>>> print(open('target-v5.cif').read())   # mmCIF, C-alpha atoms
data_final
loop_
_atom_site.group_PDB
_atom_site.id
_atom_site.type_symbol
_atom_site.label_atom_id
_atom_site.label_comp_id
_atom_site.auth_asym_id
_atom_site.auth_seq_id
_atom_site.Cartn_x
_atom_site.Cartn_y
_atom_site.Cartn_z
ATOM 1 C CA MET P 1 1.943 30.465 -32.987
ATOM 2 C CA SER P 2 -0.994 28.563 -34.464
ATOM 3 C CA ASN P 3 -4.350 29.635 -33.137
ATOM 4 C CA THR P 4 -5.350 26.009 -32.500
ATOM 5 C CA HIS P 5 -3.936 23.169 -30.445
ATOM 6 C CA ARG P 6 -4.751 19.560 -29.610
ATOM 7 C CA ALA P 7 -6.863 18.742 -26.560
ATOM 8 C CA VAL P 8 -8.790 15.760 -25.209
ATOM 9 C CA ARG P 9 -12.479 16.622 -24.843
ATOM 10 C CA PHE P 10 -15.830 15.039 -24.083
ATOM 11 C CA ALA P 11 -19.152 16.508 -25.220
ATOM 12 C CA GLU P 12 -21.414 14.240 -23.164
ATOM 13 C CA TYR P 13 -21.185 12.230 -19.985
ATOM 14 C CA GLY P 14 -20.293 8.605 -20.495
ATOM 15 C CA GLY P 15 -17.625 5.932 -20.703
ATOM 16 C CA PRO P 16 -14.107 6.285 -22.090
ATOM 17 C CA GLU P 17 -15.459 6.268 -25.634
ATOM 18 C CA VAL P 18 -16.729 9.849 -25.206
ATOM 19 C CA LEU P 19 -13.137 11.136 -24.998
ATOM 20 C CA GLY P 20 -11.498 12.268 -28.215
ATOM 21 C CA VAL P 21 -8.483 14.294 -29.336
ATOM 22 C CA GLU P 22 -9.645 17.441 -31.148
ATOM 23 C CA GLU P 23 -8.212 20.651 -32.559
ATOM 24 C CA VAL P 24 -9.498 23.496 -30.400
ATOM 25 C CA THR P 25 -9.043 27.246 -30.430
ATOM 26 C CA SER P 26 -6.063 28.388 -28.387
ATOM 27 C CA PRO P 27 -7.015 30.782 -25.582
ATOM 28 C CA ASP P 28 -5.450 34.014 -24.402
ATOM 29 C CA PRO P 29 -4.770 34.507 -20.701
ATOM 30 C CA GLY P 30 -7.003 36.952 -18.878
ATOM 31 C CA PRO P 31 -6.193 39.031 -15.782
ATOM 32 C CA GLY P 32 -4.388 36.935 -13.190
ATOM 33 C CA GLU P 33 -3.984 34.062 -15.651
ATOM 34 C CA VAL P 34 -1.087 32.320 -17.362
ATOM 35 C CA LEU P 35 -1.025 30.380 -20.640
ATOM 36 C CA VAL P 36 1.071 27.229 -20.297
ATOM 37 C CA ARG P 37 2.442 24.901 -22.962
ATOM 38 C CA VAL P 38 1.785 21.607 -21.201
ATOM 39 C CA HIS P 39 4.582 19.034 -21.160
ATOM 40 C CA ALA P 40 2.794 16.543 -18.924
ATOM 41 C CA ALA P 41 -0.578 16.219 -17.193
ATOM 42 C CA GLY P 42 -1.452 14.112 -14.157
ATOM 43 C CA ILE P 43 -4.387 11.687 -14.103
ATOM 44 C CA ASN P 44 -6.622 11.784 -11.022
ATOM 45 C CA PRO P 45 -9.739 9.750 -10.136
ATOM 46 C CA ILE P 46 -11.836 12.916 -10.254
ATOM 47 C CA ASP P 47 -11.133 13.070 -14.008
ATOM 48 C CA TRP P 48 -13.135 9.950 -14.874
ATOM 49 C CA LYS P 49 -15.738 10.669 -12.176
ATOM 50 C CA LEU P 50 -16.425 14.026 -13.836
ATOM 51 C CA ARG P 51 -16.523 12.393 -17.289
ATOM 52 C CA GLU P 52 -19.029 9.776 -16.146
ATOM 53 C CA GLY P 53 -21.202 12.376 -14.442
ATOM 54 C CA LEU P 54 -20.858 10.648 -11.068
ATOM 55 C CA VAL P 55 -20.355 13.934 -9.233
ATOM 56 C CA ARG P 56 -22.423 16.230 -11.468
ATOM 57 C CA SER P 57 -24.679 17.221 -8.561
ATOM 58 C CA ILE P 58 -21.747 18.845 -6.737
ATOM 59 C CA LEU P 59 -19.257 19.399 -9.570
ATOM 60 C CA PRO P 60 -21.124 20.002 -12.831
ATOM 61 C CA VAL P 61 -18.999 20.616 -15.910
ATOM 62 C CA GLU P 62 -19.669 22.829 -18.902
ATOM 63 C CA LEU P 63 -19.691 20.619 -22.001
ATOM 64 C CA PRO P 64 -17.689 20.125 -24.122
ATOM 65 C CA ALA P 65 -15.021 19.830 -21.418
ATOM 66 C CA VAL P 66 -11.283 19.186 -21.323
ATOM 67 C CA PRO P 67 -10.352 17.100 -18.247
ATOM 68 C CA GLY P 68 -7.222 17.409 -16.182
ATOM 69 C CA ALA P 69 -6.295 19.436 -13.114
ATOM 70 C CA ASP P 70 -2.575 18.740 -12.768
ATOM 71 C CA ILE P 71 -0.059 20.151 -15.251
ATOM 72 C CA ALA P 72 3.625 20.829 -15.690
ATOM 73 C CA GLY P 73 4.859 22.999 -18.536
ATOM 74 C CA VAL P 74 6.352 26.244 -19.769
ATOM 75 C CA VAL P 75 4.729 29.666 -19.578
ATOM 76 C CA VAL P 76 3.878 30.991 -23.041
ATOM 77 C CA ALA P 77 2.122 34.243 -22.094
ATOM 78 C CA VAL P 78 0.826 36.027 -19.014
ATOM 79 C CA GLY P 79 -2.301 38.100 -18.511
ATOM 80 C CA ALA P 80 -2.716 41.486 -16.924
ATOM 81 C CA ASP P 81 -1.734 41.820 -13.270
ATOM 82 C CA VAL P 82 0.544 38.749 -13.343
ATOM 83 C CA THR P 83 3.929 39.660 -11.893
ATOM 84 C CA GLY P 84 5.288 36.377 -10.563
ATOM 85 C CA PHE P 85 5.767 34.594 -13.898
ATOM 86 C CA ALA P 86 7.105 35.382 -17.354
ATOM 87 C CA ALA P 87 7.267 33.615 -20.712
ATOM 88 C CA GLY P 88 9.782 30.790 -20.574
ATOM 89 C CA ASP P 89 9.303 29.953 -16.878
ATOM 90 C CA GLU P 90 8.922 26.259 -16.055
ATOM 91 C CA VAL P 91 5.905 25.770 -13.791
ATOM 92 C CA PHE P 92 3.617 23.152 -12.292
ATOM 93 C CA GLY P 93 0.316 23.323 -10.482
ATOM 94 C CA SER P 94 -3.353 22.417 -10.319
ATOM 95 C CA ILE P 95 -5.623 24.315 -12.696
ATOM 96 C CA GLY P 96 -9.048 22.827 -11.992
ATOM 97 C CA THR P 97 -9.719 21.590 -15.513
ATOM 98 C CA GLY P 98 -8.241 21.789 -19.011
ATOM 99 C CA GLY P 99 -4.935 19.990 -18.466
ATOM 100 C CA TYR P 100 -5.275 17.263 -21.115
ATOM 101 C CA ALA P 101 -4.141 19.686 -23.802
ATOM 102 C CA GLU P 102 -1.099 21.143 -25.499
ATOM 103 C CA LEU P 103 -2.015 24.579 -24.116
ATOM 104 C CA ALA P 104 -3.852 25.341 -20.890
ATOM 105 C CA ILE P 105 -4.992 28.398 -18.977
ATOM 106 C CA ALA P 106 -4.011 28.493 -15.309
ATOM 107 C CA ARG P 107 -4.591 30.937 -12.502
ATOM 108 C CA ALA P 108 -1.190 32.283 -11.583
ATOM 109 C CA ASP P 109 -1.881 31.766 -7.875
ATOM 110 C CA GLN P 110 -2.282 28.031 -8.450
ATOM 111 C CA LEU P 111 1.177 27.574 -9.981
ATOM 112 C CA ALA P 112 4.656 27.127 -8.547
ATOM 113 C CA VAL P 113 8.055 27.381 -10.215
ATOM 114 C CA LYS P 114 9.268 23.918 -11.250
ATOM 115 C CA PRO P 115 12.845 23.329 -10.094
ATOM 116 C CA ALA P 116 15.192 22.449 -12.946
ATOM 117 C CA GLY P 117 15.998 19.070 -11.409
ATOM 118 C CA LEU P 118 12.366 17.965 -11.166
ATOM 119 C CA ALA P 119 11.293 15.788 -14.112
ATOM 120 C CA TRP P 120 8.198 16.818 -16.069
ATOM 121 C CA ASP P 121 6.339 13.565 -15.348
ATOM 122 C CA THR P 122 7.101 13.803 -11.637
ATOM 123 C CA ALA P 123 6.017 17.439 -11.491
ATOM 124 C CA ALA P 124 2.728 16.669 -13.258
ATOM 125 C CA ALA P 125 2.051 13.828 -10.827
ATOM 126 C CA MET P 126 2.403 16.019 -7.758
ATOM 127 C CA PRO P 127 -0.123 18.877 -7.391
ATOM 128 C CA VAL P 128 -3.383 17.214 -6.340
ATOM 129 C CA VAL P 129 -1.777 14.428 -4.311
ATOM 130 C CA VAL P 130 0.681 16.726 -2.547
ATOM 131 C CA ASN P 131 -1.916 19.401 -1.789
ATOM 132 C CA THR P 132 -4.417 16.812 -0.571
ATOM 133 C CA ALA P 133 -1.940 14.971 1.643
ATOM 134 C CA TYR P 134 -0.740 18.196 3.254
ATOM 135 C CA ALA P 135 -4.337 19.365 3.753
ATOM 136 C CA VAL P 136 -5.415 16.155 5.482
ATOM 137 C CA LEU P 137 -2.366 15.989 7.744
ATOM 138 C CA ALA P 138 -3.018 19.597 8.753
ATOM 139 C CA GLU P 139 -6.728 18.934 9.305
ATOM 140 C CA LEU P 140 -5.900 15.971 11.576
ATOM 141 C CA ASP P 141 -2.988 17.840 13.192
ATOM 142 C CA VAL P 142 -0.693 14.837 12.796
ATOM 143 C CA ARG P 143 2.402 15.192 14.965
ATOM 144 C CA ALA P 144 5.599 13.409 15.902
ATOM 145 C CA GLY P 145 5.008 10.415 18.154
ATOM 146 C CA GLN P 146 1.428 9.827 16.961
ATOM 147 C CA THR P 147 0.173 6.819 15.013
ATOM 148 C CA LEU P 148 -1.647 7.483 11.731
ATOM 149 C CA LEU P 149 -3.626 4.863 9.810
ATOM 150 C CA VAL P 150 -3.833 5.445 6.042
ATOM 151 C CA ASP P 151 -6.483 3.316 4.336
ATOM 152 C CA GLY P 152 -5.475 3.004 0.691
ATOM 153 C CA ALA P 153 -1.818 3.835 1.240
ATOM 154 C CA ALA P 154 -0.359 2.630 -2.071
ATOM 155 C CA GLY P 155 -2.278 5.065 -4.292
ATOM 156 C CA GLY P 156 -1.106 8.519 -5.264
ATOM 157 C CA VAL P 157 -2.463 10.460 -2.277
ATOM 158 C CA GLY P 158 -1.893 7.665 0.206
ATOM 159 C CA ALA P 159 1.756 7.162 -0.690
ATOM 160 C CA VAL P 160 2.501 10.879 -0.312
ATOM 161 C CA ALA P 161 0.584 11.065 2.985
ATOM 162 C CA VAL P 162 2.594 8.132 4.352
ATOM 163 C CA GLN P 163 5.887 9.809 3.557
ATOM 164 C CA LEU P 164 4.922 13.274 4.781
ATOM 165 C CA ALA P 165 3.595 11.829 8.039
ATOM 166 C CA ARG P 166 6.812 9.887 8.528
ATOM 167 C CA HIS P 167 8.751 13.089 7.819
ATOM 168 C CA LEU P 168 6.765 14.712 10.645
ATOM 169 C CA GLY P 169 7.847 11.901 12.953
ATOM 170 C CA ALA P 170 4.597 9.922 13.077
ATOM 171 C CA ARG P 171 4.249 6.157 12.971
ATOM 172 C CA VAL P 172 2.170 5.084 9.960
ATOM 173 C CA ILE P 173 0.115 1.952 9.391
ATOM 174 C CA GLY P 174 -1.006 1.635 5.775
ATOM 175 C CA THR P 175 -3.517 -0.636 4.083
ATOM 176 C CA ALA P 176 -3.029 -2.105 0.610
ATOM 177 C CA GLY P 177 -3.282 -5.369 -1.257
ATOM 178 C CA GLU P 178 -0.545 -7.812 -0.325
ATOM 179 C CA ARG P 179 1.352 -7.223 -3.581
ATOM 180 C CA ASN P 180 1.967 -3.637 -2.405
ATOM 181 C CA HIS P 181 3.124 -4.423 1.130
ATOM 182 C CA ASP P 182 6.831 -4.318 0.295
ATOM 183 C CA TYR P 183 6.218 -1.019 -1.490
ATOM 184 C CA LEU P 184 4.615 0.418 1.655
ATOM 185 C CA ARG P 185 7.498 -0.796 3.797
ATOM 186 C CA GLY P 186 9.836 1.055 1.460
ATOM 187 C CA LEU P 187 7.846 4.245 2.096
ATOM 188 C CA GLY P 188 8.133 3.785 5.856
ATOM 189 C CA ALA P 189 4.683 2.357 6.631
ATOM 190 C CA GLU P 190 3.727 -0.826 8.450
ATOM 191 C CA PRO P 191 1.420 -2.625 6.012
ATOM 192 C CA THR P 192 -1.777 -4.559 6.507
ATOM 193 C CA THR P 193 -4.653 -5.489 4.225
ATOM 194 C CA TYR P 194 -7.887 -3.523 3.848
ATOM 195 C CA GLY P 195 -11.447 -4.805 4.052
ATOM 196 C CA ASP P 196 -13.255 -7.046 6.533
ATOM 197 C CA GLY P 197 -11.373 -7.574 9.777
ATOM 198 C CA LEU P 198 -9.467 -4.288 9.500
ATOM 199 C CA VAL P 199 -10.136 -3.302 13.114
ATOM 200 C CA ASP P 200 -8.638 -6.521 14.493
ATOM 201 C CA ARG P 201 -5.617 -6.400 12.183
ATOM 202 C CA VAL P 202 -4.795 -2.815 13.106
ATOM 203 C CA ARG P 203 -5.283 -3.462 16.814
ATOM 204 C CA ALA P 204 -2.822 -6.339 16.559
ATOM 205 C CA LEU P 205 -0.248 -3.842 15.223
ATOM 206 C CA ALA P 206 -1.235 -0.984 17.543
ATOM 207 C CA PRO P 207 -2.763 -2.325 20.778
ATOM 208 C CA ASP P 208 -2.909 1.197 22.216
ATOM 209 C CA GLY P 209 -4.955 2.411 19.256
ATOM 210 C CA VAL P 210 -4.303 4.965 16.536
ATOM 211 C CA ASP P 211 -4.391 8.722 16.930
ATOM 212 C CA ALA P 212 -5.819 9.545 13.501
ATOM 213 C CA ALA P 213 -7.001 7.808 10.342
ATOM 214 C CA PHE P 214 -7.170 8.863 6.699
ATOM 215 C CA ASP P 215 -9.499 7.191 4.170
ATOM 216 C CA THR P 216 -8.251 7.757 0.620
ATOM 217 C CA ALA P 217 -10.410 5.176 -1.145
ATOM 218 C CA GLY P 218 -14.049 5.720 -0.146
ATOM 219 C CA GLN P 219 -14.786 2.015 0.097
ATOM 220 C CA GLY P 220 -16.844 2.124 3.283
ATOM 221 C CA SER P 221 -14.080 1.940 5.888
ATOM 222 C CA VAL P 222 -15.003 5.103 7.812
ATOM 223 C CA PRO P 223 -17.017 3.300 10.564
ATOM 224 C CA ALA P 224 -14.058 0.995 11.202
ATOM 225 C CA LEU P 225 -11.674 3.947 11.274
ATOM 226 C CA ILE P 226 -13.893 5.726 13.798
ATOM 227 C CA GLU P 227 -13.869 2.608 15.953
ATOM 228 C CA LEU P 228 -10.078 2.505 15.825
ATOM 229 C CA THR P 229 -9.537 6.176 16.669
ATOM 230 C CA GLY P 230 -12.385 6.396 19.161
ATOM 231 C CA LYS P 231 -13.444 9.810 17.885
ATOM 232 C CA PRO P 232 -15.162 10.613 14.571
ATOM 233 C CA ASP P 233 -13.305 13.903 14.239
ATOM 234 C CA ARG P 234 -9.989 12.022 14.224
ATOM 235 C CA VAL P 235 -10.981 10.466 10.879
ATOM 236 C CA ALA P 236 -10.636 12.274 7.552
ATOM 237 C CA THR P 237 -11.717 11.176 4.096
ATOM 238 C CA ILE P 238 -11.338 12.594 0.622
ATOM 239 C CA ALA P 239 -13.525 9.997 -1.091
ATOM 240 C CA ASP P 240 -16.561 9.183 1.099
ATOM 241 C CA PHE P 241 -18.922 12.151 0.859
ATOM 242 C CA THR P 242 -21.383 10.514 3.276
ATOM 243 C CA ALA P 243 -18.824 10.393 6.095
ATOM 244 C CA GLY P 244 -19.778 13.815 7.424
ATOM 245 C CA GLY P 245 -23.004 12.255 8.676
ATOM 246 C CA LEU P 246 -20.897 10.051 10.942
ATOM 247 C CA GLY P 247 -18.921 12.998 12.285
ATOM 248 C CA ALA P 248 -15.796 12.359 10.202
ATOM 249 C CA ARG P 249 -13.993 15.151 8.376
ATOM 250 C CA VAL P 250 -14.567 15.340 4.608
ATOM 251 C CA VAL P 251 -11.550 17.245 3.340
ATOM 252 C CA SER P 252 -11.206 19.327 0.183
ATOM 253 C CA ALA P 253 -7.733 20.556 -0.697
ATOM 254 C CA ALA P 254 -8.753 23.738 -2.484
ATOM 255 C CA GLY P 255 -7.105 26.864 -1.140
ATOM 256 C CA PRO P 256 -4.262 29.349 -1.395
ATOM 257 C CA GLU P 257 -1.622 27.051 0.135
ATOM 258 C CA LEU P 258 -0.973 25.054 -3.067
ATOM 259 C CA PRO P 259 2.122 26.906 -4.379
ATOM 260 C CA ASP P 260 3.866 26.812 -0.992
ATOM 261 C CA ARG P 261 3.028 23.137 -0.531
ATOM 262 C CA LEU P 262 4.367 22.328 -3.993
ATOM 263 C CA ALA P 263 7.598 24.195 -3.292
ATOM 264 C CA LYS P 264 8.074 22.322 -0.007
ATOM 265 C CA ALA P 265 7.304 18.969 -1.603
ATOM 266 C CA ALA P 266 9.609 19.617 -4.563
ATOM 267 C CA ALA P 267 12.470 20.301 -2.144
ATOM 268 C CA LEU P 268 11.726 17.004 -0.382
ATOM 269 C CA VAL P 269 11.702 15.165 -3.721
ATOM 270 C CA LEU P 270 15.025 16.658 -4.738
ATOM 271 C CA ASP P 271 16.720 15.779 -1.445
ATOM 272 C CA GLY P 272 15.409 12.204 -1.544
ATOM 273 C CA THR P 273 12.950 12.501 1.365
ATOM 274 C CA LEU P 274 9.804 12.191 -0.767
ATOM 275 C CA ALA P 275 9.388 9.700 -3.605
ATOM 276 C CA ILE P 276 6.698 10.385 -6.209
ATOM 277 C CA THR P 277 5.902 7.118 -7.953
ATOM 278 C CA VAL P 278 4.858 7.452 -11.602
ATOM 279 C CA ALA P 279 3.300 4.109 -12.409
ATOM 280 C CA ARG P 280 2.871 4.653 -16.161
ATOM 281 C CA VAL P 281 3.091 7.409 -18.766
ATOM 282 C CA PHE P 282 0.581 7.543 -21.642
ATOM 283 C CA PRO P 283 0.598 9.670 -24.806
ATOM 284 C CA LEU P 284 -2.196 12.230 -25.149
ATOM 285 C CA ALA P 285 -4.038 10.036 -27.650
ATOM 286 C CA GLU P 286 -4.389 7.305 -25.011
ATOM 287 C CA ALA P 287 -6.083 9.461 -22.385
ATOM 288 C CA ALA P 288 -9.123 7.163 -22.369
ATOM 289 C CA ALA P 289 -6.943 4.142 -21.567
ATOM 290 C CA ALA P 290 -5.215 6.108 -18.819
ATOM 291 C CA GLN P 291 -8.542 6.993 -17.228
ATOM 292 C CA GLU P 292 -9.688 3.376 -17.397
ATOM 293 C CA GLU P 293 -6.514 2.238 -15.641
ATOM 294 C CA SER P 294 -7.150 4.855 -12.960
ATOM 295 C CA ARG P 295 -10.760 3.702 -12.679
ATOM 296 C CA GLY P 296 -9.563 0.161 -11.937
ATOM 297 C CA GLY P 297 -8.384 1.443 -8.576
ATOM 298 C CA HIS P 298 -5.195 -0.596 -8.156
ATOM 299 C CA VAL P 299 -2.564 1.803 -9.448
ATOM 300 C CA ARG P 300 0.632 2.075 -7.420
ATOM 301 C CA GLY P 301 1.376 5.793 -7.484
ATOM 302 C CA LYS P 302 0.312 8.082 -10.318
ATOM 303 C CA LEU P 303 -0.551 7.923 -14.015
ATOM 304 C CA VAL P 304 0.617 10.738 -16.307
ATOM 305 C CA LEU P 305 -0.025 11.951 -19.867
ATOM 306 C CA SER P 306 3.038 13.030 -21.833
ATOM 307 C CA ILE P 307 1.917 15.861 -24.114
ATOM 308 C CA THR P 308 4.750 17.963 -25.540
ATOM 309 C CA GLY P 309 8.478 17.345 -25.353
#
>>> encode(input="target-v5.cif", output="structure tokens")
Amino acid sequence: MSNTHRAVRFAEYGGPEVLGVEEVTSPDPGPGEVLVRVHAAGINPIDWKLREGLVRSILPVELPAVPGADIAGVVVAVGADVTGFAAGDEVFGSIGTGGYAELAIARADQLAVKPAGLAWDTAAAMPVVVNTAYAVLAELDVRAGQTLLVDGAAGGVGAVAVQLARHLGARVIGTAGERNHDYLRGLGAEPTTYGDGLVDRVRALAPDGVDAAFDTAGQGSVPALIELTGKPDRVATIADFTAGGLGARVVSAAGPELPDRLAKAAALVLDGTLAITVARVFPLAEAAAAQEESRGGHVRGKLVLSITG
């Protein structure tokens, strides 16, 4: 094996122009780690937020940095103390950073076995959105017979949350632009538009109110969601870091549950219960364009980098 591989890196904070494909030294896995040949990597909004330095006060990065948390690929080598994986295993998971590369180091406890029937692009699209959706539904204790409002329901996390909540037996109202309303209906949600007048539109659909609300977009809707639920602690957000001051729950999906959640979600994908929408696949060399499309904020589903075949 060559001791170098291709990776997308940035050496300074900035716009998409700071990203470039470079030859970098290939790493060896340490204790508890796995080296993965990456077939596909998922794009998440945190990728371009980190690159622009928008969250450097809470999530600083060591430069030069390789973006990318979500990967799907094949194990090349395992470090000491790793017993659950071996070379040749097909895996997927969330590795924190380093996924926009032909080779990536992952903690073994953040990976799950990829079922043979799960496509690489689909697997790479899943980890962050699946883990986040499960975490928020657990935090809000969403149950059968309840009504959940998902603000920003057509994006990657929102679409998964809609489907998992419906699988639990909840009624779901989802916000999106009108062009995505048929898409939301197909996922099992009752659609409405976001923005001004949200409270009145939701009350027209649910006169008895909603039991819980989930803000995926961070566009200032939390006060309206609190008004609709009646209780700040019945509102969760993954994108509005000021919402804690209003009493809402700011949810982070980090934790040991990821592999189990991925296994459960993969089973739901394979039996047709859960649809993972891959909006577009980019080659590694177009990572900057992929991040810019993500930054635009109107992607239906997920964007993915295809890295090695």
>>> closest_atom_pairs(input="target-v5.cif", of="range 36-152 of chain P", to="range 264-285 of chain P", cutoff="8 Å", atoms="only C-alpha atoms", output="JSON lines")
{"residue": "P:Tyr100", "atom": "CA", "partner": "P:Leu284", "partner_atom": "CA", "distance": 7.1}
{"residue": "P:Ala101", "atom": "CA", "partner": "P:Leu284", "partner_atom": "CA", "distance": 7.8}
{"residue": "P:Lys114", "atom": "CA", "partner": "P:Ala266", "partner_atom": "CA", "distance": 8.0}
{"residue": "P:Pro115", "atom": "CA", "partner": "P:Ala266", "partner_atom": "CA", "distance": 7.4}
{"residue": "P:Gly117", "atom": "CA", "partner": "P:Leu270", "partner_atom": "CA", "distance": 7.2}
{"residue": "P:Leu118", "atom": "CA", "partner": "P:Leu270", "partner_atom": "CA", "distance": 7.1}
{"residue": "P:Asp121", "atom": "CA", "partner": "P:Val278", "partner_atom": "CA", "distance": 7.3}
{"residue": "P:Thr122", "atom": "CA", "partner": "P:Ile276", "partner_atom": "CA", "distance": 6.4}
{"residue": "P:Ala125", "atom": "CA", "partner": "P:Val278", "partner_atom": "CA", "distance": 7.0}
{"residue": "P:Met126", "atom": "CA", "partner": "P:Ile276", "partner_atom": "CA", "distance": 7.3}
{"residue": "P:Val130", "atom": "CA", "partner": "P:Ala265", "partner_atom": "CA", "distance": 7.1}
>>> resolve_selection(input="target-v5.cif", expression="the PyMOL selection byres ((chain P and resi 187-197) around 6)", output="list in words")
Val172, Ile173, Gly174, Thr175, Ala176, Gly177, His181, Leu184, Arg185, Gly186, Leu198, Val199 and Asp200 of chain P
>>> atom_distance(input="target-v5.cif", atom1="CA of Ala124 in chain P", atom2="CA of Gly98 in chain P")
13.4 Å
>>> resolve_selection(input="target-v5.cif", expression="the PyMOL selection byres ((chain P and resi 83) around 12)", output="ChimeraX atom specification")
/P:31-34,77-82,84-87,108-109
>>> residues_near_point(input="target-v5.cif", point="(-15.7, 15.9, 16.2)", cutoff="6 Å", atoms="only C-alpha atoms", output="list in words")
Pro232, Asp233 and Gly247 of chain P
>>> atom_distance(input="target-v5.cif", atom1="CA of Asn3 in chain P", atom2="CA of Glu23 in chain P")
9.8 Å
>>> closest_residue(input="target-v5.cif", among="P:Val55, P:Val235, P:Asp182, P:Trp120", to="Asp141 in chain P", atoms="only C-alpha atoms")
P:Val235
>>> closest_residue(input="target-v5.cif", among="P:Gln163, P:Thr237, P:Thr147, P:Thr308", to="Gly220 in chain P", atoms="only C-alpha atoms")
P:Thr237
>>> closest_atom_pairs(input="target-v5.cif", of="range 191-222 of chain P", to="range 42-46 of chain P", cutoff="12 Å", atoms="all atoms listed in the file", output="JSON lines")
{"residue": "P:Thr216", "atom": "CA", "partner": "P:Pro45", "partner_atom": "CA", "distance": 11.0}
{"residue": "P:Ala217", "atom": "CA", "partner": "P:Pro45", "partner_atom": "CA", "distance": 10.1}
{"residue": "P:Gly218", "atom": "CA", "partner": "P:Pro45", "partner_atom": "CA", "distance": 11.6}
>>> closest_residue(input="target-v5.cif", among="P:Ala253, P:Leu63, P:Phe10, P:Arg56", to="Val128 in chain P", atoms="all atoms listed in the file")
P:Ala253
>>> atom_distance(input="target-v5.cif", atom1="CA of Glu227 in chain P", atom2="CA of Gly145 in chain P")
20.5 Å
>>> resolve_selection(input="target-v5.cif", expression="the PyMOL selection byres ((chain P and resi 288-294) around 9)", output="PDB file with C-alpha atoms, in the frame of the given file")
ATOM      1  CA  GLY P  15     -17.625   5.932 -20.703  1.00  0.00           C
ATOM      2  CA  PRO P  16     -14.107   6.285 -22.090  1.00  0.00           C
ATOM      3  CA  GLU P  17     -15.459   6.268 -25.634  1.00  0.00           C
ATOM      4  CA  VAL P  18     -16.729   9.849 -25.206  1.00  0.00           C
ATOM      5  CA  LEU P  19     -13.137  11.136 -24.998  1.00  0.00           C
ATOM      6  CA  GLY P  20     -11.498  12.268 -28.215  1.00  0.00           C
ATOM      7  CA  ILE P  43      -4.387  11.687 -14.103  1.00  0.00           C
ATOM      8  CA  ASN P  44      -6.622  11.784 -11.022  1.00  0.00           C
ATOM      9  CA  PRO P  45      -9.739   9.750 -10.136  1.00  0.00           C
ATOM     10  CA  ASP P  47     -11.133  13.070 -14.008  1.00  0.00           C
ATOM     11  CA  TRP P  48     -13.135   9.950 -14.874  1.00  0.00           C
ATOM     12  CA  ARG P 280       2.871   4.653 -16.161  1.00  0.00           C
ATOM     13  CA  VAL P 281       3.091   7.409 -18.766  1.00  0.00           C
ATOM     14  CA  PHE P 282       0.581   7.543 -21.642  1.00  0.00           C
ATOM     15  CA  ALA P 285      -4.038  10.036 -27.650  1.00  0.00           C
ATOM     16  CA  GLU P 286      -4.389   7.305 -25.011  1.00  0.00           C
ATOM     17  CA  ALA P 287      -6.083   9.461 -22.385  1.00  0.00           C
ATOM     18  CA  ARG P 295     -10.760   3.702 -12.679  1.00  0.00           C
ATOM     19  CA  GLY P 296      -9.563   0.161 -11.937  1.00  0.00           C
ATOM     20  CA  GLY P 297      -8.384   1.443  -8.576  1.00  0.00           C
ATOM     21  CA  HIS P 298      -5.195  -0.596  -8.156  1.00  0.00           C
ATOM     22  CA  VAL P 299      -2.564   1.803  -9.448  1.00  0.00           C
ATOM     23  CA  LYS P 302       0.312   8.082 -10.318  1.00  0.00           C
ATOM     24  CA  LEU P 303      -0.551   7.923 -14.015  1.00  0.00           C
ATOM     25  CA  VAL P 304       0.617  10.738 -16.307  1.00  0.00           C
ATOM     26  CA  LEU P 305      -0.025  11.951 -19.867  1.00  0.00           C
TER      27      LEU P 305
END
>>> closest_residue(input="target-v5.cif", among="P:Ala154, P:Leu103, P:Ala204, P:Val160", to="Val129 in chain P", atoms="only C-alpha atoms")
P:Val160
>>> residues_near_point(input="target-v5.cif", point="(-1.4, 23.3, -28.1)", cutoff="7 Å", atoms="all atoms listed in the file", output="list in words")
Thr4, His5, Arg6, Ser26, Arg37, Ala101, Glu102 and Leu103 of chain P
>>> decode(input="target-v5.cif", residues="range 267-284 of chain P", atoms="C-alpha atoms", output="PDB file, in the first residue's frame")
ATOM      1  CA  ALA P 267     -32.778  -2.673   9.159  1.00  0.00           C
ATOM      2  CA  LEU P 268     -35.573  -0.134   8.635  1.00  0.00           C
ATOM      3  CA  VAL P 269     -34.004   0.993   5.349  1.00  0.00           C
ATOM      4  CA  LEU P 270     -33.711  -2.563   4.095  1.00  0.00           C
ATOM      5  CA  ASP P 271     -37.320  -3.431   4.940  1.00  0.00           C
ATOM      6  CA  GLY P 272     -38.634  -0.260   3.290  1.00  0.00           C
ATOM      7  CA  THR P 273     -39.745   1.530   6.478  1.00  0.00           C
ATOM      8  CA  LEU P 274     -37.091   4.263   6.321  1.00  0.00           C
ATOM      9  CA  ALA P 275     -36.097   6.090   3.141  1.00  0.00           C
ATOM     10  CA  ILE P 276     -32.734   7.870   3.076  1.00  0.00           C
ATOM     11  CA  THR P 277     -32.834  10.455   0.308  1.00  0.00           C
ATOM     12  CA  VAL P 278     -29.492  11.122  -1.395  1.00  0.00           C
ATOM     13  CA  ALA P 279     -30.052  14.360  -3.254  1.00  0.00           C
ATOM     14  CA  ARG P 280     -26.755  14.408  -5.175  1.00  0.00           C
ATOM     15  CA  VAL P 281     -23.408  12.617  -5.294  1.00  0.00           C
ATOM     16  CA  PHE P 282     -20.198  14.580  -5.953  1.00  0.00           C
ATOM     17  CA  PRO P 283     -16.682  13.328  -6.728  1.00  0.00           C
ATOM     18  CA  LEU P 284     -14.002  14.071  -4.129  1.00  0.00           C
TER      19      LEU P 284
END
